[in-house]
$ cat coords-v9.txt   # compact mmCIF, C-alpha atoms and all ligand atoms
# COMPACT_ATOMS: atom_id res chain seq x y z
CA ASP A 1 218.72 139.63 161.55
CA GLU A 2 215.90 139.26 164.04
CA TYR A 3 213.63 137.33 161.60
CA GLU A 4 216.32 134.87 160.46
CA SER A 5 217.40 134.26 163.97
CA GLY A 6 213.88 133.10 164.90
CA GLY A 7 212.53 136.36 166.29
CA ALA A 8 209.24 138.08 165.39
CA ARG A 9 208.51 138.25 161.66
CA PRO A 10 208.43 141.85 160.41
CA PRO A 11 204.91 143.00 159.49
CA GLY A 12 204.17 142.73 155.75
CA PRO A 13 201.32 143.20 153.27
CA LEU A 14 200.15 139.61 153.74
CA ASP A 15 199.36 140.13 157.41
CA GLY A 16 195.67 140.39 158.20
CA ASP A 17 192.44 138.49 158.72
CA ARG A 18 191.02 137.34 155.40
CA GLY A 19 188.71 134.59 156.65
CA PHE A 20 184.93 134.42 156.66
CA ASP A 21 182.86 135.59 159.60
CA LEU A 22 180.09 133.06 159.11
CA ALA A 23 178.69 133.34 162.63
CA GLY A 24 178.38 137.09 162.07
CA ARG A 25 176.61 136.60 158.75
CA LEU A 26 174.18 134.13 160.31
CA ALA A 27 173.48 136.52 163.18
CA ASP A 28 172.77 139.20 160.60
CA ARG A 29 170.29 136.92 158.82
CA GLU A 30 168.67 136.23 162.19
CA ARG A 31 168.25 139.95 162.81
CA ARG A 32 166.65 140.41 159.40
CA ASP A 33 164.36 137.42 159.96
CA LEU A 34 166.00 135.53 157.10
CA ARG A 35 167.41 132.66 159.09
CA ARG A 36 166.69 129.21 157.63
CA GLU A 37 166.91 126.01 159.62
CA LEU A 38 166.63 122.30 159.05
CA SER A 39 163.77 120.68 160.94
CA PRO A 40 164.41 119.92 164.59
CA ALA A 41 165.43 116.27 165.07
CA ASP A 42 161.99 115.27 166.38
CA ARG A 43 160.40 116.39 163.12
CA VAL A 44 162.59 114.21 160.93
CA ALA A 45 160.44 111.48 159.40
CA GLU A 46 161.16 107.90 160.41
CA ARG A 47 159.18 106.41 157.57
CA ALA A 48 158.13 107.49 154.12
CA GLN A 49 156.89 111.06 154.48
CA PHE A 50 153.76 110.27 152.61
CA ALA A 51 150.33 108.84 152.97
CA PRO A 52 150.69 105.25 151.81
CA ALA A 53 148.93 104.13 148.65
CA SER A 54 146.48 101.81 150.38
CA GLY A 55 146.00 102.38 154.08
CA GLY A 56 148.96 101.26 156.13
CA ASP A 57 151.16 103.37 158.30
CA LEU A 58 151.33 107.14 158.29
CA PRO A 59 154.61 108.95 158.70
CA VAL A 60 155.83 109.21 162.25
CA LEU A 61 157.05 112.63 163.30
CA ASP A 62 157.73 113.61 166.86
CA GLY A 63 156.75 110.09 167.96
CA GLU A 64 153.25 110.34 166.50
CA GLU A 65 151.59 109.53 163.22
CA ARG A 66 150.83 112.65 161.28
CA LEU A 67 149.34 113.57 157.94
CA VAL A 68 151.69 115.43 155.65
CA PHE A 69 150.10 118.09 153.43
CA ALA A 70 153.40 119.69 152.64
CA SER A 71 154.94 117.59 149.93
CA ASN A 72 155.52 117.97 146.20
CA ASN A 73 155.02 114.21 145.85
CA TYR A 74 151.67 115.15 144.36
CA LEU A 75 150.71 111.76 142.97
CA GLY A 76 151.93 109.93 146.07
CA LEU A 77 154.17 107.72 143.96
CA THR A 78 157.46 107.87 145.90
CA ASN A 79 156.65 104.72 147.83
CA ASP A 80 154.44 103.04 145.26
CA ASP A 81 155.45 99.39 144.86
CA ARG A 82 155.83 99.64 141.09
CA VAL A 83 158.07 102.70 141.30
CA VAL A 84 160.16 101.20 144.09
CA GLU A 85 160.55 98.02 142.07
CA ALA A 86 161.60 99.91 138.93
CA ALA A 87 164.29 101.71 140.95
CA ALA A 88 165.46 98.47 142.58
CA ASP A 89 165.60 96.66 139.23
CA ALA A 90 167.64 99.47 137.71
CA ALA A 91 170.05 99.41 140.65
CA GLU A 92 170.48 95.66 140.25
CA VAL A 93 170.81 95.55 136.48
CA VAL A 94 172.49 98.87 135.66
CA GLY A 95 173.97 99.91 139.00
CA THR A 96 173.37 102.48 141.68
CA GLY A 97 175.36 105.19 139.93
CA ALA A 98 175.92 106.15 136.29
CA GLY A 99 179.66 106.25 137.00
CA ALA A 100 180.45 109.02 134.54
CA SER A 101 179.02 111.78 132.40
CA ARG A 102 176.47 110.59 129.83
CA LEU A 103 179.00 111.70 127.19
CA LEU A 104 181.58 109.24 128.47
CA THR A 105 180.31 105.92 129.79
CA GLY A 106 177.33 107.06 131.88
CA ASP A 107 174.66 106.65 129.20
CA THR A 108 172.26 103.74 129.73
CA LEU A 109 169.05 102.29 128.33
CA VAL A 110 167.29 103.47 131.47
CA HIS A 111 168.10 107.10 130.61
CA ARG A 112 166.94 106.63 127.03
CA ASP A 113 163.68 105.05 128.15
CA LEU A 114 162.98 107.97 130.49
CA GLU A 115 163.79 110.54 127.81
CA ASP A 116 161.57 108.82 125.24
CA ARG A 117 158.64 108.88 127.66
CA LEU A 118 159.24 112.52 128.58
CA ALA A 119 159.38 113.53 124.91
CA GLU A 120 156.12 111.70 124.28
CA SER A 121 154.37 113.39 127.20
CA LYS A 122 155.71 116.79 126.24
CA GLN A 123 154.91 116.25 122.55
CA THR A 124 158.45 117.09 121.45
CA ASP A 125 161.12 115.40 119.32
CA ARG A 126 163.40 114.65 122.24
CA ALA A 127 164.10 115.19 125.93
CA LEU A 128 167.30 115.28 127.95
CA ALA A 129 167.68 114.32 131.62
CA PHE A 130 169.77 116.46 133.98
CA SER A 131 170.84 115.69 137.54
CA SER A 132 168.29 118.18 138.93
CA GLY A 133 165.79 120.77 137.81
CA TYR A 134 168.16 123.37 139.16
CA ALA A 135 170.97 122.03 136.96
CA ALA A 136 168.61 121.92 133.97
CA ASN A 137 167.68 125.60 134.37
CA VAL A 138 171.21 126.79 134.94
CA GLY A 139 172.71 124.68 132.15
CA THR A 140 170.04 125.47 129.59
CA ILE A 141 169.77 129.23 130.02
CA ALA A 142 173.53 129.67 130.19
CA ALA A 143 173.96 127.51 127.08
CA LEU A 144 171.34 129.47 125.14
CA ASP A 145 173.39 132.56 126.05
CA PRO A 146 170.59 135.05 125.30
CA ASP A 147 171.28 138.75 124.91
CA VAL A 148 168.09 139.71 126.73
CA ILE A 149 165.94 137.67 129.12
CA PHE A 150 162.41 138.63 130.13
CA SER A 151 161.65 136.91 133.43
CA ASP A 152 158.50 136.79 135.60
CA GLU A 153 159.20 138.45 138.95
CA TYR A 154 158.21 135.30 140.89
CA ASN A 155 160.24 132.81 138.84
CA HIS A 156 161.98 130.06 140.79
CA ALA A 157 165.40 130.75 142.28
CA SER A 158 167.06 128.35 139.82
CA ILE A 159 165.83 130.53 136.95
CA VAL A 160 167.02 133.67 138.71
CA ASP A 161 170.46 132.11 139.21
CA ALA A 162 170.51 130.85 135.62
CA CYS A 163 169.76 134.36 134.34
CA ARG A 164 172.67 135.77 136.36
CA LEU A 165 175.04 133.06 135.20
CA SER A 166 174.13 133.64 131.55
CA GLY A 167 175.37 137.23 131.73
CA ALA A 168 172.31 138.40 129.76
CA GLU A 169 170.53 141.67 130.38
CA VAL A 170 167.59 140.58 132.55
CA ILE A 171 164.31 142.45 132.37
CA VAL A 172 161.87 141.41 135.10
CA TYR A 173 158.16 141.79 134.32
CA ASP A 174 155.27 141.89 136.79
CA HIS A 175 154.02 138.51 137.96
CA CYS A 176 151.78 136.79 135.40
CA ASP A 177 151.18 140.16 133.74
CA ALA A 178 151.12 139.83 129.94
CA GLU A 179 150.44 143.55 129.57
CA ASP A 180 153.56 144.46 131.49
CA LEU A 181 155.53 141.93 129.45
CA ALA A 182 154.20 143.50 126.25
CA ALA A 183 155.21 146.96 127.45
CA LYS A 184 158.70 145.80 128.40
CA LEU A 185 159.19 143.98 125.09
CA GLY A 186 158.16 147.18 123.34
CA ASP A 187 160.59 149.29 125.39
CA ALA A 188 163.42 146.86 124.67
CA ALA A 189 162.62 146.90 120.94
CA ARG A 190 162.96 150.71 120.94
CA ASP A 191 166.12 150.77 123.05
CA PRO A 192 169.26 150.69 120.87
CA GLY A 193 171.01 148.73 123.63
CA THR A 194 168.60 145.80 123.53
CA THR A 195 166.75 145.89 120.25
CA ASP A 196 168.83 143.23 118.50
CA GLY A 197 170.21 139.84 119.39
CA SER A 198 168.47 136.83 120.86
CA TRP A 199 165.63 137.25 123.33
CA LEU A 200 164.30 134.66 125.76
CA ILE A 201 161.05 134.91 127.71
CA VAL A 202 161.11 132.55 130.70
CA THR A 203 158.40 131.70 133.19
CA ASP A 204 157.26 129.01 135.59
CA SER A 205 153.93 127.55 134.45
CA VAL A 206 152.61 126.88 137.97
CA PHE A 207 154.06 129.09 140.70
CA SER A 208 155.02 127.14 143.78
CA MET A 209 153.83 129.52 146.50
CA ASP A 210 150.58 130.81 144.96
CA GLY A 211 149.50 127.87 142.83
CA ASP A 212 148.60 130.29 140.06
CA VAL A 213 149.29 129.77 136.37
CA ALA A 214 151.23 131.93 133.89
CA PRO A 215 149.26 133.35 130.92
CA LEU A 216 151.14 131.08 128.52
CA SER A 217 149.01 131.62 125.46
CA ASP A 218 149.48 135.41 125.67
CA VAL A 219 153.20 134.92 126.32
CA CYS A 220 153.47 132.80 123.16
CA ASP A 221 151.58 135.44 121.11
CA LEU A 222 153.98 138.14 122.29
CA ALA A 223 157.04 135.99 121.74
CA GLU A 224 155.99 135.20 118.19
CA GLN A 225 155.42 138.86 117.45
CA ALA A 226 158.84 139.81 118.82
CA GLY A 227 160.59 136.77 117.34
CA ALA A 228 161.70 135.76 120.83
CA TRP A 229 161.90 132.25 122.29
CA VAL A 230 159.72 130.99 125.13
CA MET A 231 160.96 128.72 127.91
CA VAL A 232 158.52 127.29 130.47
CA ASP A 233 159.44 125.63 133.76
CA GLU A 234 156.82 122.96 134.42
CA ALA A 235 158.29 121.70 137.71
CA HIS A 236 154.93 121.84 139.51
CA ALA A 237 152.78 120.71 136.57
CA THR A 238 154.61 117.85 134.87
CA GLY A 239 152.70 114.60 135.18
CA LEU A 240 149.50 116.20 136.41
CA TYR A 241 147.66 116.78 133.13
CA GLU A 242 146.48 114.75 130.14
CA GLY A 243 149.07 112.26 128.92
CA GLY A 244 151.33 113.04 131.86
CA GLY A 245 152.01 116.50 130.44
CA GLY A 246 151.84 119.92 132.08
CA ILE A 247 150.09 123.24 131.51
CA VAL A 248 151.76 123.55 128.09
CA GLN A 249 149.84 120.44 126.99
CA ARG A 250 146.64 121.49 128.76
CA GLU A 251 146.73 124.74 126.79
CA GLY A 252 147.67 123.03 123.51
CA LEU A 253 150.95 124.98 123.25
CA SER A 254 153.47 122.17 122.68
CA ASP A 255 154.33 123.54 119.22
CA ARG A 256 154.71 127.12 120.41
CA VAL A 257 156.92 126.74 123.49
CA ASP A 258 160.55 126.39 122.44
CA VAL A 259 161.94 124.99 125.69
CA GLN A 260 159.92 122.87 128.13
CA LEU A 261 161.74 122.22 131.36
CA GLY A 262 160.88 120.44 134.58
CA THR A 263 161.92 118.31 137.47
CA LEU A 264 161.62 114.59 138.17
CA SER A 265 161.38 115.31 141.89
CA LYS A 266 157.74 116.28 142.31
CA ALA A 267 154.86 114.34 140.66
CA LEU A 268 157.43 112.02 139.09
CA ALA A 269 158.51 110.86 142.54
CA SER A 270 162.24 110.79 141.92
CA GLN A 271 165.18 113.12 141.56
CA GLY A 272 166.59 114.92 138.54
CA GLY A 273 165.47 117.40 135.90
CA PHE A 274 164.83 117.50 132.18
CA VAL A 275 164.48 119.65 129.10
CA ALA A 276 162.16 118.73 126.21
CA GLY A 277 162.22 120.34 122.79
CA ASP A 278 163.10 119.83 119.16
CA ASP A 279 166.10 117.90 117.84
CA ASP A 280 168.23 121.00 117.36
CA LEU A 281 167.69 122.19 120.92
CA ILE A 282 168.51 118.86 122.53
CA GLU A 283 171.52 118.23 120.29
CA TYR A 284 172.80 121.70 121.18
CA LEU A 285 172.33 121.15 124.93
CA VAL A 286 174.20 117.82 124.73
CA ASN A 287 177.12 119.90 123.48
CA ALA A 288 176.77 123.17 125.32
CA ALA A 289 174.90 122.75 128.63
CA ARG A 290 177.80 122.60 131.06
CA SER A 291 175.71 121.14 133.88
CA PHE A 292 174.96 118.23 131.55
CA VAL A 293 178.38 117.78 129.97
CA PHE A 294 180.47 118.07 133.13
CA SER A 295 178.20 116.31 135.59
CA THR A 296 177.71 112.61 136.18
CA GLY A 297 174.61 111.16 134.53
CA LEU A 298 171.45 110.87 136.59
CA THR A 299 171.55 107.73 138.76
CA PRO A 300 169.88 104.80 136.97
CA PRO A 301 167.45 104.11 139.86
CA ALA A 302 166.33 107.76 139.76
CA ALA A 303 165.82 107.59 135.99
CA ALA A 304 163.91 104.31 136.20
CA ALA A 305 161.71 105.52 139.07
CA ALA A 306 160.78 108.70 137.18
CA SER A 307 160.06 106.77 134.02
CA GLU A 308 157.75 104.34 135.84
CA ALA A 309 156.07 107.22 137.69
CA LEU A 310 155.44 109.01 134.40
CA HIS A 311 153.95 105.83 132.97
CA LEU A 312 151.66 105.54 136.01
CA ALA A 313 150.73 109.22 135.80
CA ARG A 314 149.57 108.57 132.25
CA THR A 315 147.80 105.27 132.69
CA THR A 316 146.24 105.15 136.17
CA ASP A 317 143.59 107.20 137.97
CA ARG A 318 146.15 109.00 140.16
CA ARG A 319 145.61 112.36 138.48
CA ASP A 320 141.84 112.13 138.84
CA ARG A 321 142.20 111.25 142.49
CA LEU A 322 144.49 114.22 143.10
CA TRP A 323 142.17 116.69 141.38
CA ARG A 324 139.14 115.38 143.27
CA SER A 325 141.01 115.87 146.56
CA VAL A 326 142.08 119.36 145.53
CA GLU A 327 138.49 120.37 144.80
CA PHE A 328 137.24 118.81 148.05
CA LEU A 329 139.84 120.67 150.13
CA ARG A 330 139.44 123.96 148.29
CA GLU A 331 135.68 123.90 148.82
CA GLY A 332 135.98 122.76 152.43
CA LEU A 333 138.55 125.41 153.35
CA THR A 334 136.53 128.11 151.60
CA ASP A 335 133.37 127.03 153.43
CA LEU A 336 135.27 127.35 156.71
CA GLY A 337 135.94 130.96 155.82
CA TYR A 338 139.51 130.78 154.51
CA GLU A 339 140.62 132.52 151.34
CA VAL A 340 142.20 129.97 148.99
CA PRO A 341 143.12 131.50 145.60
CA GLY A 342 144.68 129.75 142.60
CA GLU A 343 143.58 126.96 140.31
CA THR A 344 146.05 124.15 140.89
CA GLN A 345 146.99 121.45 143.39
CA ILE A 346 148.88 124.04 145.45
CA LEU A 347 146.39 125.58 147.89
CA PRO A 348 147.66 128.80 149.50
CA VAL A 349 145.49 129.33 152.60
CA LEU A 350 145.94 133.07 153.10
CA VAL A 351 146.37 134.26 156.67
CA GLY A 352 148.12 137.62 156.20
CA ASP A 353 150.12 138.22 159.35
CA ARG A 354 153.32 136.19 159.68
CA GLY A 355 152.83 135.53 163.39
CA ASP A 356 149.29 134.23 162.77
CA ALA A 357 150.57 131.96 160.00
CA LEU A 358 153.25 130.48 162.28
CA ALA A 359 150.75 130.01 165.12
CA LEU A 360 148.29 128.34 162.75
CA ALA A 361 150.96 125.96 161.42
CA ASP A 362 151.87 125.01 165.00
CA ALA A 363 148.23 124.49 165.96
CA LEU A 364 147.73 122.29 162.88
CA TYR A 365 150.83 120.30 163.78
CA ASP A 366 149.46 119.73 167.29
CA ARG A 367 146.39 118.24 165.59
CA GLY A 368 148.50 115.89 163.48
CA VAL A 369 148.53 117.89 160.24
CA VAL A 370 151.85 118.99 158.77
CA ALA A 371 151.56 122.05 156.52
CA PRO A 372 154.13 124.83 156.61
CA ALA A 373 153.72 128.55 157.17
CA ILE A 374 155.16 130.49 154.22
CA ARG A 375 156.14 134.00 155.19
CA PRO A 376 158.30 136.93 154.07
CA PRO A 377 160.75 137.09 152.41
CA THR A 378 159.49 134.04 150.51
CA VAL A 379 156.16 135.86 149.95
CA PRO A 380 155.35 139.59 150.21
CA GLU A 381 154.65 141.13 153.62
CA GLY A 382 151.00 140.74 154.65
CA THR A 383 150.44 137.62 152.51
CA SER A 384 151.73 134.94 154.86
CA ARG A 385 149.95 131.68 154.28
CA ILE A 386 149.77 127.99 154.95
CA ARG A 387 150.72 126.06 151.83
CA VAL A 388 148.53 122.98 151.56
CA ALA A 389 149.32 120.36 148.93
CA PRO A 390 147.25 117.19 148.99
CA MET A 391 148.50 113.95 147.47
CA ALA A 392 146.57 111.50 145.32
CA THR A 393 147.03 108.95 148.11
CA HIS A 394 145.24 110.92 150.81
CA ALA A 395 142.03 109.04 151.66
CA ALA A 396 138.69 110.78 152.22
CA HIS A 397 139.11 110.52 156.00
CA ASP A 398 142.59 112.12 155.74
CA LEU A 399 141.05 115.09 153.96
CA GLU A 400 138.30 115.32 156.58
CA ARG A 401 140.93 115.26 159.31
CA CYS A 402 142.78 118.10 157.57
CA LEU A 403 139.60 120.22 157.42
CA ASP A 404 138.79 119.46 161.08
CA ALA A 405 142.27 120.58 162.05
CA PHE A 406 141.90 123.79 160.06
CA ARG A 407 138.55 124.49 161.74
CA GLU A 408 139.83 123.95 165.28
CA ALA A 409 143.26 125.50 164.79
CA GLY A 410 141.81 128.54 163.00
CA ARG A 411 139.46 129.22 165.90
CA GLU A 412 142.17 128.69 168.48
CA VAL A 413 144.53 131.11 166.74
CA GLY A 414 141.74 133.57 165.98
CA VAL A 415 142.04 133.73 162.20
CA LEU A 416 138.53 132.36 161.56
N1 LIG B 1 161.89 124.99 139.12
C1 LIG B 1 160.87 125.12 139.98
C2 LIG B 1 159.70 125.97 139.60
C3 LIG B 1 160.93 124.49 141.23
O1 LIG B 1 159.94 124.62 142.10
C4 LIG B 1 162.06 123.69 141.53
C5 LIG B 1 162.16 122.87 142.81
N2 LIG B 1 161.82 123.41 143.97
C6 LIG B 1 163.09 123.60 140.61
C7 LIG B 1 162.97 124.24 139.41
C8 LIG B 1 164.34 122.83 140.90
O2 LIG B 1 164.12 121.47 140.71
P1 LIG B 1 165.02 120.40 141.49
O3 LIG B 1 164.44 120.28 142.86
O4 LIG B 1 164.87 119.16 140.67
O5 LIG B 1 166.42 120.93 141.49
$ encode --input "coords-v9.txt" --output "structure tokens"
Amino acid sequence: DEYESGGARPPGPLDGDRGFDLAGRLADRERRDLRRELSPADRVAERAQFAPASGGDLPVLDGEERLVFASNNYLGLTNDDRVVEAAADAAEVVGTGAGASRLLTGDTLVHRDLEDRLAESKQTDRALAFSSGYAANVGTIAALDPDVIFSDEYNHASIVDACRLSGAEVIVYDHCDAEDLAAKLGDAARDPGTTDGSWLIVTDSVFSMDGDVAPLSDVCDLAEQAGAWVMVDEAHATGLYEGGGGIVQREGLSDRVDVQLGTLSKALASQGGFVAGDDDLIEYLVNAARSFVFSTGLTPPAAAAASEALHLARTTDRRDRLWRSVEFLREGLTDLGYEVPGETQILPVLVGDRGDALALADALYDRGVVAPAIRPPTVPEGTSRIRVAPMATHAAHDLERCLDAFREAGREVGVL
């Protein structure tokens, strides 16, 4: 017939367009103001993005030296000689890659050393390193396989994704609101659909956009009453408190938080994530956390860098220097007339209008200060802000320059 003789193929059920209209989806994001972009090429750093430990060169962006107040490298350790050397040594002795899952041949002394130090800082039996904080959240929550999860409304995206992946019923409570959590625990206890099974309460300790702190002690009280477990994500706190711990240690809650989780990529100056807890938890995760079991072990240089950074966080004056800078900037910005809420190293300089926040960030950039505008949908409408995060390595004159820029830029844009 026509088909066999090379003519037109008769139409069939397979005919159609089943591809992906990515350009259309991106245009849609653009229309809804949700479009994300990598930095333009002239804003890509040529050198370490961070104020050097002792004078020296500042990062060059756009052909000029600029001060970066936009990093999670809170202790300024990513280019510290001792951390760099630890990473280089590990690469030389152990190799640049783990080469396999930790459960096969990817386990090394470098990983064990890191985990011992993390467990000590977190005051737990053991710790387990993951390839990122994201992987730690997703692997851990899915492995716990809770029936019901109570989650703070501003929890990090990796927790949100982990909750979805776990298949649990997720009950979102108001941000940092222990009363709302109590009410929702009570409702769930009365609801035949959710009253039984295993319950997990999960929260960030320090929230990355507001720099505020979860009411952990109240959360632990409620969890104990309900017999639920508590999991705390200390990504933005690990390494910044006594002994290199986080808010859980500051509040004396190491014995009451079942799962302490964090990242190696912020104060610990490296890459990777971890979970700390008792022997049973860690032994279970080694078996059941799929992002641990089926993923190559953390690279040895990353593990060694984080371990050295944690050691330095514990034993040097880096933390004191950071907190002094935070207080200096908070006071200075407040004196200028800005509203700067929160109690941590993350300083949200509230502007309100998204256009004003963008204009202020640009005006700061023109004055050599890099600090991003954070706007909806990342934060609620009307609460756009500049997120300022100093580093322990910023010198006094760097902080002065930041305040000068905020004074001039704020007047130029009309927000002061
Ligand atoms: N949790 C929180 C609260 C975070 O801020 C982040 C990182 N932005 C993560 C988890 C993920 O950590 P990582 O970058 O190591 O994947």
$ residues_around --input "coords-v9.txt" --residues "Leu104 (chain A)" --least-positions-apart "2" --cutoff "12 Å" --atoms "all atoms listed in the file" --output "PyMOL selection string"
chain A and resi 98-102+106-108+286+292-297
$ closest_atom_pairs --input "coords-v9.txt" --of "chain A" --to "ligand LIG 1 (chain B)" --cutoff "6 Å" --atoms "only C-alpha atoms and all ligand atoms" --output "tab-separated table"
residue	atom	partner	partner_atom	distance
A:Ser132	CA	B:LIG1	O4	4.0
A:Gly133	CA	B:LIG1	O4	3.4
A:Tyr134	CA	B:LIG1	O5	3.8
A:His156	CA	B:LIG1	C2	4.8
A:Ser158	CA	B:LIG1	C7	5.8
A:Asp204	CA	B:LIG1	C2	5.6
A:Ser208	CA	B:LIG1	O1	5.8
A:Asp233	CA	B:LIG1	C2	5.9
A:Ala235	CA	B:LIG1	C1	4.8
A:Thr263	CA	B:LIG1	O4	4.4
A:Ser265	CA	B:LIG1	O4	5.3
A:Gly272	CA	B:LIG1	O4	5.0
A:Gly273	CA	B:LIG1	O4	5.1
$ residues_around --input "coords-v9.txt" --residues "Ala182 (chain A)" --least-positions-apart "5" --cutoff "12 Å" --atoms "only C-alpha atoms" --output "ChimeraX atom specification"
/A:150,171-174,176-177,187-189,201,218-226
$ write_last_selection --input "coords-v9.txt" --atoms "C-alpha atoms" --output "mmCIF file, in the coordinates of the input"
data_model
loop_
_atom_site.group_PDB
_atom_site.id
_atom_site.type_symbol
_atom_site.label_atom_id
_atom_site.label_comp_id
_atom_site.auth_asym_id
_atom_site.auth_seq_id
_atom_site.Cartn_x
_atom_site.Cartn_y
_atom_site.Cartn_z
ATOM 1 C CA PHE A 150 162.410 138.630 130.130
ATOM 2 C CA ILE A 171 164.310 142.450 132.370
ATOM 3 C CA VAL A 172 161.870 141.410 135.100
ATOM 4 C CA TYR A 173 158.160 141.790 134.320
ATOM 5 C CA ASP A 174 155.270 141.890 136.790
ATOM 6 C CA CYS A 176 151.780 136.790 135.400
ATOM 7 C CA ASP A 177 151.180 140.160 133.740
ATOM 8 C CA ASP A 187 160.590 149.290 125.390
ATOM 9 C CA ALA A 188 163.420 146.860 124.670
ATOM 10 C CA ALA A 189 162.620 146.900 120.940
ATOM 11 C CA ILE A 201 161.050 134.910 127.710
ATOM 12 C CA ASP A 218 149.480 135.410 125.670
ATOM 13 C CA VAL A 219 153.200 134.920 126.320
ATOM 14 C CA CYS A 220 153.470 132.800 123.160
ATOM 15 C CA ASP A 221 151.580 135.440 121.110
ATOM 16 C CA LEU A 222 153.980 138.140 122.290
ATOM 17 C CA ALA A 223 157.040 135.990 121.740
ATOM 18 C CA GLU A 224 155.990 135.200 118.190
ATOM 19 C CA GLN A 225 155.420 138.860 117.450
ATOM 20 C CA ALA A 226 158.840 139.810 118.820
#
$ closest_residue --input "coords-v9.txt" --among "A:Trp229, A:Tyr284, A:Tyr241, A:Phe130" --to "Trp323 (chain A)" --atoms "all atoms listed in the file"
A:Tyr241
$ closest_residue --input "coords-v9.txt" --among "A:Ala237, A:Ala361, A:Val379, A:Cys163" --to "Ala409 (chain A)" --atoms "all atoms listed in the file"
A:Ala361
$ axis_aligned_box --input "coords-v9.txt" --around "region 131-143 of chain A" --padding-each-side "4 Å" --output "lines of an AutoDock Vina configuration file"
center_x = 169.9
center_y = 122.7
center_z = 133.1
size_x = 16.2
size_y = 22.0
size_z = 20.1
$ closest_residue --input "coords-v9.txt" --among "A:Val138, A:Leu22, A:Val170, A:Leu360" --to "Ala157 (chain A)" --atoms "all atoms listed in the file"
A:Val138
$ decode --input "coords-v9.txt" --residues "region 143-156 of chain A" --atoms "N, CA and C atoms" --output "tab-separated table (two decimals), in the first residue's frame"
chain	number	residue	atom	x	y	z
A	143	ALA	N	13.93	8.74	54.80
A	143	ALA	CA	14.28	7.50	55.49
A	143	ALA	C	13.48	7.34	56.78
A	144	LEU	N	13.27	8.46	57.49
A	144	LEU	CA	12.48	8.36	58.73
A	144	LEU	C	11.05	7.94	58.40
A	145	ASP	N	10.58	8.33	57.21
A	145	ASP	CA	9.26	7.93	56.72
A	145	ASP	C	8.17	8.20	57.77
A	146	PRO	N	8.05	9.48	58.18
A	146	PRO	CA	7.05	9.79	59.21
A	146	PRO	C	5.64	9.69	58.65
A	147	ASP	N	4.67	9.49	59.54
A	147	ASP	CA	3.28	9.55	59.10
A	147	ASP	C	2.82	10.99	58.99
A	148	VAL	N	3.24	11.82	59.96
A	148	VAL	CA	2.84	13.22	59.94
A	148	VAL	C	4.08	14.08	60.20
A	149	ILE	N	4.21	15.15	59.41
A	149	ILE	CA	5.30	16.10	59.62
A	149	ILE	C	4.70	17.47	59.92
A	150	PHE	N	5.20	18.11	60.98
A	150	PHE	CA	4.83	19.48	61.30
A	150	PHE	C	6.02	20.35	60.90
A	151	SER	N	5.78	21.29	59.98
A	151	SER	CA	6.89	22.01	59.36
A	151	SER	C	6.65	23.52	59.43
A	152	ASP	N	7.66	24.27	59.86
A	152	ASP	CA	7.55	25.74	59.90
A	152	ASP	C	7.32	26.27	58.48
A	153	GLU	N	6.48	27.28	58.35
A	153	GLU	CA	6.10	27.74	57.00
A	153	GLU	C	7.28	28.32	56.22
A	154	TYR	N	8.35	28.76	56.91
A	154	TYR	CA	9.49	29.32	56.20
A	154	TYR	C	10.66	28.34	56.10
A	155	ASN	N	10.44	27.07	56.37
A	155	ASN	CA	11.55	26.12	56.28
A	155	ASN	C	12.19	26.14	54.89
A	156	HIS	N	13.47	25.78	54.87
A	156	HIS	CA	14.24	25.79	53.62
A	156	HIS	C	13.64	24.84	52.57
